[in-house]
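S.K.: Starting off with a structure, shown below.
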Amino acid sequence: MTGEMDIFGLYVPELLVYAILALLVQVAQGRVLSRVDAHRLVWHPALVEISGYFIWLGGIVMAAHWVRA
């Protein structure tokens with residue numbers, strides 16, 4: 001994962017693209033969880049949010065690696 005992506009002539013690290021994608025998915029997940037009021041079931045909602053972000057980021061990176069191999 002040391003490569004770069006060409007986005008409209010601008011080379012950006014792959015991890016940055018994956019991190020932004022994970023952030024967008026996490027924001028959508030956070031909105032869904034808050035709409036169904038699931039945050040009241042956990043001890044520390046911020047911890048759940050950041051943990052979810054890293055889980056999504058790891059999943060996206062692994063999926064990208066699996067697709068590329």
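In the structure tokens, the first chain shown is A, the next is B, and so on; residue numbers restart at 1 for each chain, and ligands run from 1 in the order shown.
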Leaving out Met5 of chain A and any residue of its chain fewer than 6 positions from it, which residues lie within 10 Å of it when counting only C-alpha atoms, given as a ChimeraX atom specification?

M.R.: /A:11-17

S.K.: Hey, what does DSSP flag as helix (DSSP H, G or I) within chain A? Can you give it to me as a ChimeraX atom specification?

M.R.: /A:14-35,38-41,45-68

S.K.: List the spatial neighbours of Glu49 of chain A as a PyMOL selection string - criterion: any atom at most 12 Å away, only C-alpha atoms, same-chain residues fewer than 2 positions off excluded.

M.R.: chain A and resi 22-23+25-34+38-39+42-47+51-56

S.K.: How about saving the chosen residues, N, CA and C atoms kept, as a PDB file, in the first residue's frame?

M.R.:
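Resulting contents of result.pdb:
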```pdb
ATOM      1  N   ALA A  22     -13.714   6.017   4.300  1.00  0.00           N
ATOM      2  CA  ALA A  22     -14.127   5.478   5.600  1.00  0.00           C
ATOM      3  C   ALA A  22     -14.839   6.550   6.423  1.00  0.00           C
ATOM      4  N   LEU A  23     -14.385   7.790   6.321  1.00  0.00           N
ATOM      5  CA  LEU A  23     -15.030   8.882   7.051  1.00  0.00           C
ATOM      6  C   LEU A  23     -16.455   9.095   6.556  1.00  0.00           C
ATOM      7  N   VAL A  25     -18.423   6.884   5.124  1.00  0.00           N
ATOM      8  CA  VAL A  25     -19.237   5.749   5.563  1.00  0.00           C
ATOM      9  C   VAL A  25     -19.541   5.864   7.049  1.00  0.00           C
ATOM     10  N   GLN A  26     -18.567   6.294   7.840  1.00  0.00           N
ATOM     11  CA  GLN A  26     -18.758   6.416   9.280  1.00  0.00           C
ATOM     12  C   GLN A  26     -19.769   7.509   9.612  1.00  0.00           C
ATOM     13  N   VAL A  27     -19.741   8.606   8.888  1.00  0.00           N
ATOM     14  CA  VAL A  27     -20.721   9.668   9.118  1.00  0.00           C
ATOM     15  C   VAL A  27     -22.127   9.157   8.833  1.00  0.00           C
ATOM     16  N   ALA A  28     -22.279   8.417   7.747  1.00  0.00           N
ATOM     17  CA  ALA A  28     -23.589   7.842   7.423  1.00  0.00           C
ATOM     18  C   ALA A  28     -24.023   6.850   8.508  1.00  0.00           C
ATOM     19  N   GLN A  29     -23.092   6.037   8.974  1.00  0.00           N
ATOM     20  CA  GLN A  29     -23.422   5.081  10.031  1.00  0.00           C
ATOM     21  C   GLN A  29     -23.798   5.804  11.322  1.00  0.00           C
ATOM     22  N   GLY A  30     -23.087   6.852  11.652  1.00  0.00           N
ATOM     23  CA  GLY A  30     -23.393   7.622  12.853  1.00  0.00           C
ATOM     24  C   GLY A  30     -24.775   8.251  12.796  1.00  0.00           C
ATOM     25  N   ARG A  31     -25.160   8.727  11.626  1.00  0.00           N
ATOM     26  CA  ARG A  31     -26.492   9.312  11.487  1.00  0.00           C
ATOM     27  C   ARG A  31     -27.581   8.259  11.645  1.00  0.00           C
ATOM     28  N   VAL A  32     -27.344   7.088  11.088  1.00  0.00           N
ATOM     29  CA  VAL A  32     -28.329   6.012  11.225  1.00  0.00           C
ATOM     30  C   VAL A  32     -28.438   5.587  12.687  1.00  0.00           C
ATOM     31  N   LEU A  33     -27.304   5.429  13.359  1.00  0.00           N
ATOM     32  CA  LEU A  33     -27.335   5.015  14.760  1.00  0.00           C
ATOM     33  C   LEU A  33     -27.987   6.064  15.652  1.00  0.00           C
ATOM     34  N   SER A  34     -27.767   7.333  15.361  1.00  0.00           N
ATOM     35  CA  SER A  34     -28.404   8.362  16.175  1.00  0.00           C
ATOM     36  C   SER A  34     -29.897   8.462  15.872  1.00  0.00           C
ATOM     37  N   ALA A  38     -29.480   4.488  19.074  1.00  0.00           N
ATOM     38  CA  ALA A  38     -28.665   3.377  19.554  1.00  0.00           C
ATOM     39  C   ALA A  38     -27.526   3.854  20.452  1.00  0.00           C
ATOM     40  N   HIS A  39     -27.228   5.136  20.443  1.00  0.00           N
ATOM     41  CA  HIS A  39     -26.119   5.637  21.262  1.00  0.00           C
ATOM     42  C   HIS A  39     -26.430   5.594  22.755  1.00  0.00           C
ATOM     43  N   VAL A  42     -24.817   2.439  24.687  1.00  0.00           N
ATOM     44  CA  VAL A  42     -23.380   2.253  24.896  1.00  0.00           C
ATOM     45  C   VAL A  42     -22.890   3.192  25.983  1.00  0.00           C
ATOM     46  N   TRP A  43     -21.768   2.826  26.576  1.00  0.00           N
ATOM     47  CA  TRP A  43     -21.218   3.606  27.669  1.00  0.00           C
ATOM     48  C   TRP A  43     -20.608   4.908  27.176  1.00  0.00           C
ATOM     49  N   HIS A  44     -19.867   4.854  26.084  1.00  0.00           N
ATOM     50  CA  HIS A  44     -19.154   6.029  25.589  1.00  0.00           C
ATOM     51  C   HIS A  44     -19.377   6.139  24.077  1.00  0.00           C
ATOM     52  N   PRO A  45     -20.348   6.945  23.646  1.00  0.00           N
ATOM     53  CA  PRO A  45     -20.676   7.021  22.224  1.00  0.00           C
ATOM     54  C   PRO A  45     -19.505   7.461  21.337  1.00  0.00           C
ATOM     55  N   ALA A  46     -18.662   8.356  21.823  1.00  0.00           N
ATOM     56  CA  ALA A  46     -17.529   8.801  21.016  1.00  0.00           C
ATOM     57  C   ALA A  46     -16.548   7.663  20.758  1.00  0.00           C
ATOM     58  N   LEU A  47     -16.394   6.797  21.727  1.00  0.00           N
ATOM     59  CA  LEU A  47     -15.527   5.638  21.565  1.00  0.00           C
ATOM     60  C   LEU A  47     -16.078   4.685  20.508  1.00  0.00           C
ATOM     61  N   SER A  51     -14.110   3.891  17.032  1.00  0.00           N
ATOM     62  CA  SER A  51     -13.852   2.472  16.777  1.00  0.00           C
ATOM     63  C   SER A  51     -14.476   2.046  15.454  1.00  0.00           C
ATOM     64  N   GLY A  52     -15.678   2.515  15.191  1.00  0.00           N
ATOM     65  CA  GLY A  52     -16.332   2.217  13.931  1.00  0.00           C
ATOM     66  C   GLY A  52     -15.557   2.753  12.746  1.00  0.00           C
ATOM     67  N   TYR A  53     -14.973   3.947  12.913  1.00  0.00           N
ATOM     68  CA  TYR A  53     -14.167   4.519  11.836  1.00  0.00           C
ATOM     69  C   TYR A  53     -12.975   3.628  11.510  1.00  0.00           C
ATOM     70  N   PHE A  54     -12.269   3.182  12.529  1.00  0.00           N
ATOM     71  CA  PHE A  54     -11.092   2.357  12.286  1.00  0.00           C
ATOM     72  C   PHE A  54     -11.456   0.973  11.750  1.00  0.00           C
ATOM     73  N   ILE A  55     -12.595   0.466  12.159  1.00  0.00           N
ATOM     74  CA  ILE A  55     -13.056  -0.814  11.601  1.00  0.00           C
ATOM     75  C   ILE A  55     -13.373  -0.640  10.123  1.00  0.00           C
ATOM     76  N   TRP A  56     -14.075   0.432   9.764  1.00  0.00           N
ATOM     77  CA  TRP A  56     -14.379   0.695   8.353  1.00  0.00           C
ATOM     78  C   TRP A  56     -13.102   0.913   7.553  1.00  0.00           C
TER      79      TRP A  56
END
```

S.K.: For atom CA of Arg40 of chain A and atom CA of Ile60 of chain A, determine how far apart the two atoms are, in Å to one decimal place.

M.R.: 27.6 Å

S.K.: Please, what distance in Å, to one decimal, runs between atom CA of Ala63 of chain A and atom CA of Tyr18 of chain A?

M.R.: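 Here the two named atoms are 10.5 Å from each other.
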
S.K.: What is the atom CA of Leu10 of chain A to atom CA of Ile50 of chain A distance in Å?

M.R.: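 Spanning atom CA of Leu10 of chain A to atom CA of Ile50 of chain A is a straight-line distance of 28.9 Å.
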
S.K.: DSSP on the backbone: what in chain A comes out strand (DSSP E), as a ChimeraX atom specification?

M.R.: /A:4-7,10-13
